[in-house]
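Source file: work.pdb. Holds: PDB, C-alpha atoms.
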```pdb
ATOM      1  CA  MET A   1     -24.167  -7.780 -89.352
ATOM      2  CA  ALA A   2     -25.205  -5.280 -92.014
ATOM      3  CA  THR A   3     -26.702  -1.945 -90.991
ATOM      4  CA  ILE A   4     -30.330  -1.695 -92.133
ATOM      5  CA  THR A   5     -31.035   1.880 -93.211
ATOM      6  CA  ALA A   6     -34.370   3.631 -93.679
ATOM      7  CA  SER A   7     -33.699   3.931 -97.421
ATOM      8  CA  MET A   8     -33.242   0.144 -97.674
ATOM      9  CA  VAL A   9     -36.553  -0.444 -95.902
ATOM     10  CA  LYS A  10     -38.228   2.116 -98.155
ATOM     11  CA  GLU A  11     -36.901   0.404-101.295
ATOM     12  CA  LEU A  12     -38.070  -3.024-100.121
ATOM     13  CA  ARG A  13     -41.530  -1.636 -99.326
ATOM     14  CA  GLU A  14     -41.749  -0.101-102.807
ATOM     15  CA  ARG A  15     -40.676  -3.341-104.462
ATOM     16  CA  THR A  16     -42.933  -5.669-102.485
ATOM     17  CA  GLY A  17     -45.845  -3.555-101.195
ATOM     18  CA  LEU A  18     -45.464  -5.062 -97.720
ATOM     19  CA  GLY A  19     -45.408  -3.333 -94.340
ATOM     20  CA  MET A  20     -42.447  -1.482 -92.881
ATOM     21  CA  MET A  21     -41.822  -3.881 -89.986
ATOM     22  CA  ASP A  22     -42.024  -6.950 -92.248
ATOM     23  CA  CYS A  23     -39.506  -5.365 -94.609
ATOM     24  CA  LYS A  24     -37.166  -4.310 -91.804
ATOM     25  CA  LYS A  25     -37.250  -7.809 -90.304
ATOM     26  CA  ALA A  26     -36.656  -9.476 -93.686
ATOM     27  CA  LEU A  27     -33.657  -7.249 -94.381
ATOM     28  CA  ALA A  28     -32.199  -7.980 -90.963
ATOM     29  CA  GLU A  29     -32.612 -11.728 -91.441
ATOM     30  CA  ALA A  30     -31.071 -11.478 -94.913
ATOM     31  CA  ASP A  31     -28.156  -9.449 -93.525
ATOM     32  CA  GLY A  32     -29.028  -6.543 -95.822
ATOM     33  CA  ASP A  33     -29.245  -8.621 -99.010
ATOM     34  CA  MET A  34     -32.153  -6.991-100.885
ATOM     35  CA  GLU A  35     -32.817  -9.820-103.358
ATOM     36  CA  LYS A  36     -32.678 -12.498-100.641
ATOM     37  CA  ALA A  37     -35.089 -10.464 -98.512
ATOM     38  CA  ILE A  38     -37.526 -10.305-101.443
ATOM     39  CA  GLU A  39     -37.301 -14.071-101.980
ATOM     40  CA  ASP A  40     -37.834 -14.734 -98.259
ATOM     41  CA  LEU A  41     -40.866 -12.440 -98.178
ATOM     42  CA  ARG A  42     -42.354 -14.151-101.224
ATOM     43  CA  LYS A  43     -41.885 -17.581 -99.655
ATOM     44  CA  ALA A  44     -43.425 -16.484 -96.359
ATOM     45  CA  SER A  45     -46.350 -14.427 -97.609
ATOM     46  CA  GLY A  46     -47.174 -15.766-101.062
ATOM     47  CA  LEU A  47     -46.292 -12.459-102.642
ATOM     48  CA  LYS A  48     -46.748 -13.087-106.350
ATOM     49  CA  ALA A  49     -43.916 -11.008-107.694
ATOM     50  CA  ALA A  50     -41.451  -8.334-106.692
ATOM     51  CA  LYS A  51     -41.744  -5.243-108.829
ATOM     52  CA  LYS A  52     -38.300  -5.469-110.336
ATOM     53  CA  ALA A  53     -38.465  -2.164-112.176
ATOM     54  CA  SER A  54     -40.071  -0.120-109.438
ATOM     55  CA  ARG A  55     -36.928   1.940-108.814
ATOM     56  CA  VAL A  56     -36.366   3.330-112.291
ATOM     57  CA  ALA A  57     -34.811   6.679-111.475
ATOM     58  CA  ALA A  58     -32.672   7.682-114.470
ATOM     59  CA  GLU A  59     -34.355   9.889-117.061
ATOM     60  CA  GLY A  60     -33.949  10.237-120.818
ATOM     61  CA  VAL A  61     -35.433   8.863-124.039
ATOM     62  CA  VAL A  62     -35.620   5.693-126.101
ATOM     63  CA  LEU A  63     -35.493   6.178-129.882
ATOM     64  CA  THR A  64     -35.818   3.806-132.839
ATOM     65  CA  LYS A  65     -35.141   4.061-136.566
ATOM     66  CA  ILE A  66     -36.255   1.661-139.318
ATOM     67  CA  ALA A  67     -34.891   1.280-142.858
ATOM     68  CA  GLU A  68     -37.231   2.133-145.739
ATOM     69  CA  ASP A  69     -37.423  -1.496-146.865
ATOM     70  CA  SER A  70     -38.104  -2.585-143.238
ATOM     71  CA  ASN A  71     -35.312  -5.170-143.158
ATOM     72  CA  TYR A  72     -33.201  -3.317-140.586
ATOM     73  CA  GLY A  73     -33.791  -1.280-137.459
ATOM     74  CA  VAL A  74     -31.944   0.175-134.480
ATOM     75  CA  ILE A  75     -32.950   1.168-130.935
ATOM     76  CA  ILE A  76     -31.003   3.308-128.450
ATOM     77  CA  GLU A  77     -31.361   4.740-124.955
ATOM     78  CA  VAL A  78     -29.936   8.145-124.089
ATOM     79  CA  ASN A  79     -30.015   9.240-120.443
ATOM     80  CA  SER A  80     -30.071  12.510-118.540
ATOM     81  CA  GLU A  81     -30.300  13.220-114.836
ATOM     82  CA  THR A  82     -33.718  14.902-114.903
ATOM     83  CA  ASP A  83     -36.874  14.676-116.969
ATOM     84  CA  PHE A  84     -36.667  18.441-117.517
ATOM     85  CA  VAL A  85     -33.426  17.993-119.462
ATOM     86  CA  ALA A  86     -34.850  14.938-121.274
ATOM     87  CA  ARG A  87     -37.314  17.359-122.915
ATOM     88  CA  ASP A  88     -34.660  19.984-123.675
ATOM     89  CA  GLU A  89     -34.167  20.773-127.353
ATOM     90  CA  ASN A  90     -30.368  20.448-127.138
ATOM     91  CA  PHE A  91     -30.625  17.043-125.463
ATOM     92  CA  LEU A  92     -33.084  15.812-128.086
ATOM     93  CA  GLU A  93     -30.794  17.019-130.876
ATOM     94  CA  PHE A  94     -27.982  14.941-129.368
ATOM     95  CA  ALA A  95     -30.294  11.927-129.094
ATOM     96  CA  ASP A  96     -31.293  12.326-132.758
ATOM     97  CA  ALA A  97     -27.635  12.491-133.766
ATOM     98  CA  ALA A  98     -26.973   9.342-131.733
ATOM     99  CA  ILE A  99     -29.760   7.341-133.405
ATOM    100  CA  ASP A 100     -28.615   8.538-136.839
ATOM    101  CA  GLY A 101     -25.057   7.476-136.060
ATOM    102  CA  ALA A 102     -26.159   4.085-134.749
ATOM    103  CA  PHE A 103     -28.337   3.560-137.822
ATOM    104  CA  ALA A 104     -25.580   4.484-140.268
ATOM    105  CA  ASN A 105     -22.867   2.400-138.595
ATOM    106  CA  ARG A 106     -24.534  -1.015-138.396
ATOM    107  CA  GLU A 107     -21.831  -2.682-136.323
ATOM    108  CA  ALA A 108     -20.853   0.023-133.840
ATOM    109  CA  ASP A 109     -21.351  -0.444-130.111
ATOM    110  CA  VAL A 110     -21.766   2.460-127.688
ATOM    111  CA  GLY A 111     -18.019   2.996-127.300
ATOM    112  CA  SER A 112     -17.425   3.023-131.054
ATOM    113  CA  LEU A 113     -20.269   5.473-131.632
ATOM    114  CA  LEU A 114     -18.878   7.867-129.038
ATOM    115  CA  GLU A 115     -15.382   7.599-130.516
ATOM    116  CA  ALA A 116     -16.802   8.328-133.972
ATOM    117  CA  GLY A 117     -17.643  11.884-132.966
ATOM    118  CA  LEU A 118     -20.508  11.748-130.478
ATOM    119  CA  GLU A 119     -18.216  12.033-127.456
ATOM    120  CA  ASP A 120     -17.218  15.613-128.270
ATOM    121  CA  SER A 121     -20.887  16.534-128.709
ATOM    122  CA  ARG A 122     -21.771  14.775-125.454
ATOM    123  CA  GLN A 123     -19.118  16.600-123.445
ATOM    124  CA  ALA A 124     -20.122  19.953-124.934
ATOM    125  CA  LEU A 125     -23.733  19.254-124.011
ATOM    126  CA  VAL A 126     -22.769  18.305-120.448
ATOM    127  CA  GLN A 127     -20.947  21.616-120.063
ATOM    128  CA  LYS A 128     -23.832  23.571-121.568
ATOM    129  CA  ILE A 129     -26.684  21.916-119.638
ATOM    130  CA  GLY A 130     -24.881  21.084-116.412
ATOM    131  CA  GLU A 131     -26.109  17.495-116.208
ATOM    132  CA  ASN A 132     -24.508  14.181-117.011
ATOM    133  CA  ILE A 133     -25.637  12.902-120.427
ATOM    134  CA  ASN A 134     -25.087   9.276-121.385
ATOM    135  CA  LEU A 135     -25.578   7.142-124.471
ATOM    136  CA  ARG A 136     -26.349   3.995-122.514
ATOM    137  CA  ARG A 137     -27.103   1.180-124.982
ATOM    138  CA  VAL A 138     -27.851   0.278-128.571
ATOM    139  CA  ALA A 139     -29.305  -2.798-130.297
ATOM    140  CA  ARG A 140     -30.094  -3.755-133.883
ATOM    141  CA  LEU A 141     -32.255  -6.293-135.685
ATOM    142  CA  ARG A 142     -31.814  -7.048-139.379
ATOM    143  CA  PHE A 143     -32.450  -9.379-142.292
ATOM    144  CA  ASP A 144     -29.893  -9.722-145.076
ATOM    145  CA  ASP A 145     -32.691  -9.459-147.632
ATOM    146  CA  ALA A 146     -35.960  -7.512-147.442
ATOM    147  CA  ASN A 147     -37.859 -10.631-148.543
ATOM    148  CA  GLN A 148     -36.663 -12.595-145.503
ATOM    149  CA  GLY A 149     -38.735 -10.681-142.990
ATOM    150  CA  ILE A 150     -39.857  -7.400-141.416
ATOM    151  CA  VAL A 151     -38.235  -5.233-138.762
ATOM    152  CA  GLU A 152     -40.591  -2.766-137.072
ATOM    153  CA  SER A 153     -40.724  -0.690-133.922
ATOM    154  CA  TYR A 154     -43.050   0.971-131.469
ATOM    155  CA  VAL A 155     -42.168   3.842-129.149
ATOM    156  CA  HIS A 156     -44.528   4.945-126.392
ATOM    157  CA  SER A 157     -45.688   8.525-126.857
ATOM    158  CA  ASN A 158     -43.433   9.891-124.113
ATOM    159  CA  ASN A 159     -40.349   8.105-125.505
ATOM    160  CA  LYS A 160     -39.854   6.217-122.242
ATOM    161  CA  ILE A 161     -40.421   2.714-123.670
ATOM    162  CA  GLY A 162     -39.371   1.443-127.077
ATOM    163  CA  VAL A 163     -39.529  -1.948-128.803
ATOM    164  CA  LEU A 164     -37.738  -3.315-131.849
ATOM    165  CA  ILE A 165     -39.147  -6.515-133.360
ATOM    166  CA  SER A 166     -38.358  -8.825-136.284
ATOM    167  CA  LEU A 167     -41.028 -10.978-137.950
ATOM    168  CA  GLN A 168     -41.022 -13.572-140.696
ATOM    169  CA  GLY A 169     -44.285 -13.239-142.590
ATOM    170  CA  GLY A 170     -47.090 -10.817-141.758
ATOM    171  CA  ASP A 171     -46.846  -7.098-142.434
ATOM    172  CA  GLU A 172     -45.737  -3.837-140.826
ATOM    173  CA  ALA A 173     -49.116  -3.274-139.150
ATOM    174  CA  LEU A 174     -48.978  -6.662-137.408
ATOM    175  CA  ALA A 175     -45.370  -6.095-136.356
ATOM    176  CA  ARG A 176     -46.247  -2.686-134.875
ATOM    177  CA  ASP A 177     -49.238  -4.144-133.016
ATOM    178  CA  ILE A 178     -47.111  -6.848-131.426
ATOM    179  CA  ALA A 179     -44.367  -4.331-130.625
ATOM    180  CA  MET A 180     -46.995  -2.192-128.875
ATOM    181  CA  HIS A 181     -48.126  -5.267-126.917
ATOM    182  CA  ILE A 182     -44.523  -5.937-125.844
ATOM    183  CA  ALA A 183     -44.148  -2.316-124.711
ATOM    184  CA  ALA A 184     -47.290  -2.613-122.583
ATOM    185  CA  VAL A 185     -46.942  -6.143-121.153
ATOM    186  CA  ASN A 186     -43.144  -6.603-120.998
ATOM    187  CA  PRO A 187     -42.761 -10.344-121.710
ATOM    188  CA  MET A 188     -39.520 -12.006-120.630
ATOM    189  CA  VAL A 189     -39.099 -14.307-123.660
ATOM    190  CA  VAL A 190     -40.740 -15.164-126.984
ATOM    191  CA  ARG A 191     -41.467 -18.855-126.330
ATOM    192  CA  THR A 192     -42.021 -20.918-123.192
ATOM    193  CA  GLU A 193     -38.916 -22.985-123.870
ATOM    194  CA  ASP A 194     -36.846 -19.789-123.841
ATOM    195  CA  VAL A 195     -37.352 -19.147-120.107
ATOM    196  CA  PRO A 196     -33.882 -19.534-118.505
ATOM    197  CA  GLU A 197     -33.304 -22.563-116.281
ATOM    198  CA  ASP A 198     -32.101 -20.438-113.369
ATOM    199  CA  VAL A 199     -35.348 -18.449-113.447
ATOM    200  CA  LEU A 200     -37.383 -21.661-113.441
ATOM    201  CA  ALA A 201     -35.332 -23.033-110.548
ATOM    202  CA  LYS A 202     -35.840 -19.895-108.456
ATOM    203  CA  GLU A 203     -39.589 -19.778-109.100
ATOM    204  CA  SER A 204     -39.907 -23.514-108.371
ATOM    205  CA  GLU A 205     -38.158 -23.027-105.026
ATOM    206  CA  ILE A 206     -40.518 -20.204-104.096
ATOM    207  CA  TYR A 207     -43.662 -22.092-105.138
ATOM    208  CA  SER A 208     -42.407 -25.148-103.253
ATOM    209  CA  ALA A 209     -42.053 -23.179-100.026
ATOM    210  CA  GLN A 210     -45.523 -21.676-100.481
ATOM    211  CA  ALA A 211     -47.223 -24.993-101.328
ATOM    212  CA  ARG A 212     -45.725 -26.960 -98.461
ATOM    213  CA  GLU A 213     -47.105 -24.441 -95.979
ATOM    214  CA  SER A 214     -50.562 -25.660 -96.982
ATOM    215  CA  GLY A 215     -50.020 -28.958 -95.169
ATOM    216  CA  LYS A 216     -51.459 -30.925 -98.087
ATOM    217  CA  PRO A 217     -50.159 -34.412 -99.077
ATOM    218  CA  GLU A 218     -46.896 -34.484-101.061
ATOM    219  CA  GLU A 219     -48.530 -35.584-104.324
ATOM    220  CA  ILE A 220     -50.937 -32.636-104.117
ATOM    221  CA  VAL A 221     -48.086 -30.296-103.285
ATOM    222  CA  GLU A 222     -46.162 -31.426-106.375
ATOM    223  CA  LYS A 223     -49.202 -30.789-108.565
ATOM    224  CA  MET A 224     -49.588 -27.326-107.022
ATOM    225  CA  ILE A 225     -45.949 -26.510-107.764
ATOM    226  CA  SER A 226     -46.062 -27.715-111.378
ATOM    227  CA  GLY A 227     -49.365 -25.912-111.976
ATOM    228  CA  ARG A 228     -48.036 -22.599-110.659
ATOM    229  CA  LEU A 229     -44.830 -22.999-112.650
ATOM    230  CA  ARG A 230     -46.769 -23.606-115.878
ATOM    231  CA  LYS A 231     -48.845 -20.513-115.186
ATOM    232  CA  PHE A 232     -45.728 -18.413-114.544
ATOM    233  CA  VAL A 233     -44.056 -19.587-117.767
ATOM    234  CA  ALA A 234     -47.188 -18.766-119.783
ATOM    235  CA  GLU A 235     -47.441 -15.301-118.220
ATOM    236  CA  VAL A 236     -43.870 -14.317-119.157
ATOM    237  CA  SER A 237     -43.832 -15.885-122.656
ATOM    238  CA  LEU A 238     -44.941 -13.580-125.473
ATOM    239  CA  LEU A 239     -46.655 -16.226-127.612
ATOM    240  CA  GLU A 240     -48.833 -17.354-124.690
ATOM    241  CA  GLN A 241     -49.996 -13.872-123.658
ATOM    242  CA  PRO A 242     -53.462 -12.480-124.482
ATOM    243  CA  PHE A 243     -53.158  -9.711-127.069
ATOM    244  CA  VAL A 244     -53.677  -6.325-125.388
ATOM    245  CA  LYS A 245     -56.025  -5.107-128.142
ATOM    246  CA  ASP A 246     -58.057  -8.343-128.089
ATOM    247  CA  PRO A 247     -57.679 -10.312-124.812
ATOM    248  CA  ASP A 248     -59.623 -13.236-126.280
ATOM    249  CA  THR A 249     -56.803 -13.866-128.758
ATOM    250  CA  LYS A 250     -53.326 -15.080-127.823
ATOM    251  CA  ILE A 251     -50.294 -13.659-129.615
ATOM    252  CA  ALA A 252     -49.569 -17.147-131.001
ATOM    253  CA  ASP A 253     -53.050 -17.279-132.589
ATOM    254  CA  LEU A 254     -52.640 -13.773-133.997
ATOM    255  CA  LEU A 255     -49.412 -14.806-135.704
ATOM    256  CA  LYS A 256     -50.820 -18.116-136.949
ATOM    257  CA  GLU A 257     -53.744 -16.344-138.583
ATOM    258  CA  ALA A 258     -51.304 -14.065-140.443
ATOM    259  CA  GLY A 259     -48.896 -16.875-141.338
ATOM    260  CA  ALA A 260     -46.154 -15.106-139.397
ATOM    261  CA  ASP A 261     -43.569 -15.919-136.753
ATOM    262  CA  ILE A 262     -41.550 -13.795-134.317
ATOM    263  CA  VAL A 263     -37.787 -14.036-134.683
ATOM    264  CA  GLN A 264     -36.655 -11.671-131.943
ATOM    265  CA  PHE A 265     -37.532  -8.549-129.968
ATOM    266  CA  VAL A 266     -35.671  -5.909-127.956
ATOM    267  CA  ARG A 267     -37.483  -3.823-125.332
ATOM    268  CA  TYR A 268     -35.853  -0.774-123.719
ATOM    269  CA  GLU A 269     -37.375   1.171-120.853
ATOM    270  CA  VAL A 270     -35.693   4.388-119.786
ATOM    271  CA  GLY A 271     -33.586   3.920-116.680
ATOM    272  CA  GLU A 272     -34.439   0.262-116.025
ATOM    273  CA  GLY A 273     -31.798  -1.267-113.782
ATOM    274  CA  ILE A 274     -30.283   2.106-112.882
ATOM    275  CA  GLU A 275     -30.484   3.364-109.321
ATOM    276  CA  LYS A 276     -30.285   7.059-108.677
ATOM    277  CA  GLU A 277     -29.693   8.570-105.244
ATOM    278  CA  GLU A 278     -32.558  10.680-103.932
ATOM    279  CA  ASP A 279     -31.408  14.183-103.193
ATOM    280  CA  ASP A 280     -32.440  15.759 -99.891
ATOM    281  CA  PHE A 281     -32.466  19.407-100.944
ATOM    282  CA  ALA A 282     -33.125  20.758 -97.442
ATOM    283  CA  ALA A 283     -30.267  18.712 -95.979
ATOM    284  CA  GLU A 284     -27.952  19.841 -98.779
ATOM    285  CA  VAL A 285     -28.742  23.519 -98.118
ATOM    286  CA  ALA A 286     -28.266  23.046 -94.366
ATOM    287  CA  ALA A 287     -24.921  21.351 -94.919
ATOM    288  CA  GLN A 288     -23.726  24.211 -97.115
ATOM    289  CA  LEU A 289     -24.813  26.815 -94.543
ATOM    290  CA  ASN A 290     -23.081  24.943 -91.733
ATOM    291  CA  GLY A 291     -19.968  24.573 -93.865
TER
END
```

Spit out the file's structure as structure tokens when you get a sec.
Amino acid sequence: MATITASMVKELRERTGLGMMDCKKALAEADGDMEKAIEDLRKASGLKAAKKASRVAAEGVVLTKIAEDSNYGVIIEVNSETDFVARDENFLEFADAAIDGAFANREADVGSLLEAGLEDSRQALVQKIGENINLRRVARLRFDDANQGIVESYVHSNNKIGVLISLQGGDEALARDIAMHIAAVNPMVVRTEDVPEDVLAKESEIYSAQARESGKPEEIVEKMISGRLRKFVAEVSLLEQPFVKDPDTKIADLLKEAGADIVQFVRYEVGEGIEKEEDDFAAEVAAQLNG
């Protein structure tokens, strides 16, 4: 039987918004499995969604760079341990060098970019600042010819969220508007048919458990499940979402009016998926004094 710690209960509360005792019980029943506990809580309480990115702890910046003819663009994430360092001039100079290197070398992955000279700069910066600095990821979108389409980007003003997008048809202004929408709304996929089968299966299982608790006839239950699944798919699909600047217009309609189509997008948010231990400064000082 797994030991359920206070930090585990705290994380589950942050991710679900439910009470401490409910979270502690769910973790115990799931033998400490966080994701299973979230699924069980959703089935039991009708919780709409777990806040998957609620524990973004790593700091840093997301940067983008677009070619002059708008047929190629790159996006990177560079991490630091604290937000204070993420605003440091030396850190930002390293991040700028990283985006320039990624832009110039159109095929290089993170490892190749570091080997090409960034690793020495990174290590020097770590020694100078006293924090771990990491070039975490890089992605590129491109067209072989400028007439094939447009690559644009949008970076939130604090450099915490960045989006790279490729469009066929339309113009740079439209591409930037849709990139801004993606930054704000965070769609999972471009089209409804792009939603992965395993995601659909998991959501269907959850909706099934919720619907059958209603005690309604089976044919009604099936309609409830399919209706909720359709709604979920529409909510996470970019083309079906209401445009943030004009909620009466769907993204699909916006593109149709411009004679444009979305090819692909990449959205980076600083620290997403990274867990960072919370430091207890008082406990650390006490431990050093006792040592």

Could you jot down the atom CA of A:Glu35 to atom CA of A:Arg13 separation for me, Å, one decimal place?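 A separation of 12.6 Å between them.
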
Interatomic distance (Å, one decimal) between atom CA of A:Val270 and atom CA of A:Lys202: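 Atom CA of A:Lys202 lies at a distance of 26.8 Å from atom CA of A:Val270.
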
Env of stretch 72-75 of chain A: 9 Å cut, atoms = all atoms listed in the file, seq-sep filter 4 positions within chain, self excluded. Answer as a PyMOL selection string. chain A and resi 62-68+99+102-103+106+137-144+146+150-153+162-166+266-268

Please provide as a PDB file with C-alpha atoms, in the frame of the given file all residues within 12 Å of stretch 92-98 of chain A, with the sequence filter that same-chain residues fewer than 2 positions apart are discarded (counting all atoms listed in the file).
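Listed below is the output, part03.pdb:
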```
ATOM      1  CA  GLY A  60     -33.949  10.237-120.818  1.00  0.00           C
ATOM      2  CA  VAL A  61     -35.433   8.863-124.039  1.00  0.00           C
ATOM      3  CA  VAL A  62     -35.620   5.693-126.101  1.00  0.00           C
ATOM      4  CA  LEU A  63     -35.493   6.178-129.882  1.00  0.00           C
ATOM      5  CA  THR A  64     -35.818   3.806-132.839  1.00  0.00           C
ATOM      6  CA  LYS A  65     -35.141   4.061-136.566  1.00  0.00           C
ATOM      7  CA  VAL A  74     -31.944   0.175-134.480  1.00  0.00           C
ATOM      8  CA  ILE A  75     -32.950   1.168-130.935  1.00  0.00           C
ATOM      9  CA  ILE A  76     -31.003   3.308-128.450  1.00  0.00           C
ATOM     10  CA  GLU A  77     -31.361   4.740-124.955  1.00  0.00           C
ATOM     11  CA  VAL A  78     -29.936   8.145-124.089  1.00  0.00           C
ATOM     12  CA  ASN A  79     -30.015   9.240-120.443  1.00  0.00           C
ATOM     13  CA  SER A  80     -30.071  12.510-118.540  1.00  0.00           C
ATOM     14  CA  ASP A  83     -36.874  14.676-116.969  1.00  0.00           C
ATOM     15  CA  PHE A  84     -36.667  18.441-117.517  1.00  0.00           C
ATOM     16  CA  VAL A  85     -33.426  17.993-119.462  1.00  0.00           C
ATOM     17  CA  ALA A  86     -34.850  14.938-121.274  1.00  0.00           C
ATOM     18  CA  ARG A  87     -37.314  17.359-122.915  1.00  0.00           C
ATOM     19  CA  ASP A  88     -34.660  19.984-123.675  1.00  0.00           C
ATOM     20  CA  GLU A  89     -34.167  20.773-127.353  1.00  0.00           C
ATOM     21  CA  ASN A  90     -30.368  20.448-127.138  1.00  0.00           C
ATOM     22  CA  ASP A 100     -28.615   8.538-136.839  1.00  0.00           C
ATOM     23  CA  GLY A 101     -25.057   7.476-136.060  1.00  0.00           C
ATOM     24  CA  ALA A 102     -26.159   4.085-134.749  1.00  0.00           C
ATOM     25  CA  PHE A 103     -28.337   3.560-137.822  1.00  0.00           C
ATOM     26  CA  ALA A 104     -25.580   4.484-140.268  1.00  0.00           C
ATOM     27  CA  ASN A 105     -22.867   2.400-138.595  1.00  0.00           C
ATOM     28  CA  ALA A 108     -20.853   0.023-133.840  1.00  0.00           C
ATOM     29  CA  ASP A 109     -21.351  -0.444-130.111  1.00  0.00           C
ATOM     30  CA  VAL A 110     -21.766   2.460-127.688  1.00  0.00           C
ATOM     31  CA  GLY A 111     -18.019   2.996-127.300  1.00  0.00           C
ATOM     32  CA  SER A 112     -17.425   3.023-131.054  1.00  0.00           C
ATOM     33  CA  LEU A 113     -20.269   5.473-131.632  1.00  0.00           C
ATOM     34  CA  LEU A 114     -18.878   7.867-129.038  1.00  0.00           C
ATOM     35  CA  GLU A 115     -15.382   7.599-130.516  1.00  0.00           C
ATOM     36  CA  ALA A 116     -16.802   8.328-133.972  1.00  0.00           C
ATOM     37  CA  GLY A 117     -17.643  11.884-132.966  1.00  0.00           C
ATOM     38  CA  LEU A 118     -20.508  11.748-130.478  1.00  0.00           C
ATOM     39  CA  GLU A 119     -18.216  12.033-127.456  1.00  0.00           C
ATOM     40  CA  ASP A 120     -17.218  15.613-128.270  1.00  0.00           C
ATOM     41  CA  SER A 121     -20.887  16.534-128.709  1.00  0.00           C
ATOM     42  CA  ARG A 122     -21.771  14.775-125.454  1.00  0.00           C
ATOM     43  CA  GLN A 123     -19.118  16.600-123.445  1.00  0.00           C
ATOM     44  CA  ALA A 124     -20.122  19.953-124.934  1.00  0.00           C
ATOM     45  CA  LEU A 125     -23.733  19.254-124.011  1.00  0.00           C
ATOM     46  CA  VAL A 126     -22.769  18.305-120.448  1.00  0.00           C
ATOM     47  CA  ILE A 133     -25.637  12.902-120.427  1.00  0.00           C
ATOM     48  CA  ASN A 134     -25.087   9.276-121.385  1.00  0.00           C
ATOM     49  CA  LEU A 135     -25.578   7.142-124.471  1.00  0.00           C
ATOM     50  CA  ARG A 136     -26.349   3.995-122.514  1.00  0.00           C
ATOM     51  CA  ARG A 137     -27.103   1.180-124.982  1.00  0.00           C
ATOM     52  CA  VAL A 138     -27.851   0.278-128.571  1.00  0.00           C
ATOM     53  CA  ASN A 159     -40.349   8.105-125.505  1.00  0.00           C
TER      54      ASN A 159
END
```

Minimum-distance residue to A:Ala258, chosen among A:Glu205, A:Asp31, A:Glu222, A:Glu172 (using all atoms listed in the file):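 Closest to A:Ala258 of all the choices is A:Glu172.
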
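The interatomic distance for the pair atom CA of A:Ala184 and atom CA of A:Gln148 works out to 27.2 Å.
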
When the PyMOL selection byres ((chain A and resi 25-27) around 10) is applied to the structure above, which residues does it catch, written out as a compact mmCIF listing (two decimals) with C-alpha atoms, in the coordinates of the input?
```txt
# COMPACT_ATOMS: atom_id res chain seq x y z
CA ALA A 2 -25.20 -5.28 -92.01
CA THR A 3 -26.70 -1.94 -90.99
CA ILE A 4 -30.33 -1.70 -92.13
CA THR A 5 -31.04 1.88 -93.21
CA MET A 8 -33.24 0.14 -97.67
CA VAL A 9 -36.55 -0.44 -95.90
CA LEU A 12 -38.07 -3.02 -100.12
CA MET A 20 -42.45 -1.48 -92.88
CA MET A 21 -41.82 -3.88 -89.99
CA ASP A 22 -42.02 -6.95 -92.25
CA CYS A 23 -39.51 -5.36 -94.61
CA LYS A 24 -37.17 -4.31 -91.80
CA ALA A 28 -32.20 -7.98 -90.96
CA GLU A 29 -32.61 -11.73 -91.44
CA ALA A 30 -31.07 -11.48 -94.91
CA ASP A 31 -28.16 -9.45 -93.52
CA GLY A 32 -29.03 -6.54 -95.82
CA ASP A 33 -29.24 -8.62 -99.01
CA MET A 34 -32.15 -6.99 -100.88
CA GLU A 35 -32.82 -9.82 -103.36
CA LYS A 36 -32.68 -12.50 -100.64
CA ALA A 37 -35.09 -10.46 -98.51
CA ILE A 38 -37.53 -10.30 -101.44
CA GLU A 39 -37.30 -14.07 -101.98
CA ASP A 40 -37.83 -14.73 -98.26
CA LEU A 41 -40.87 -12.44 -98.18
```
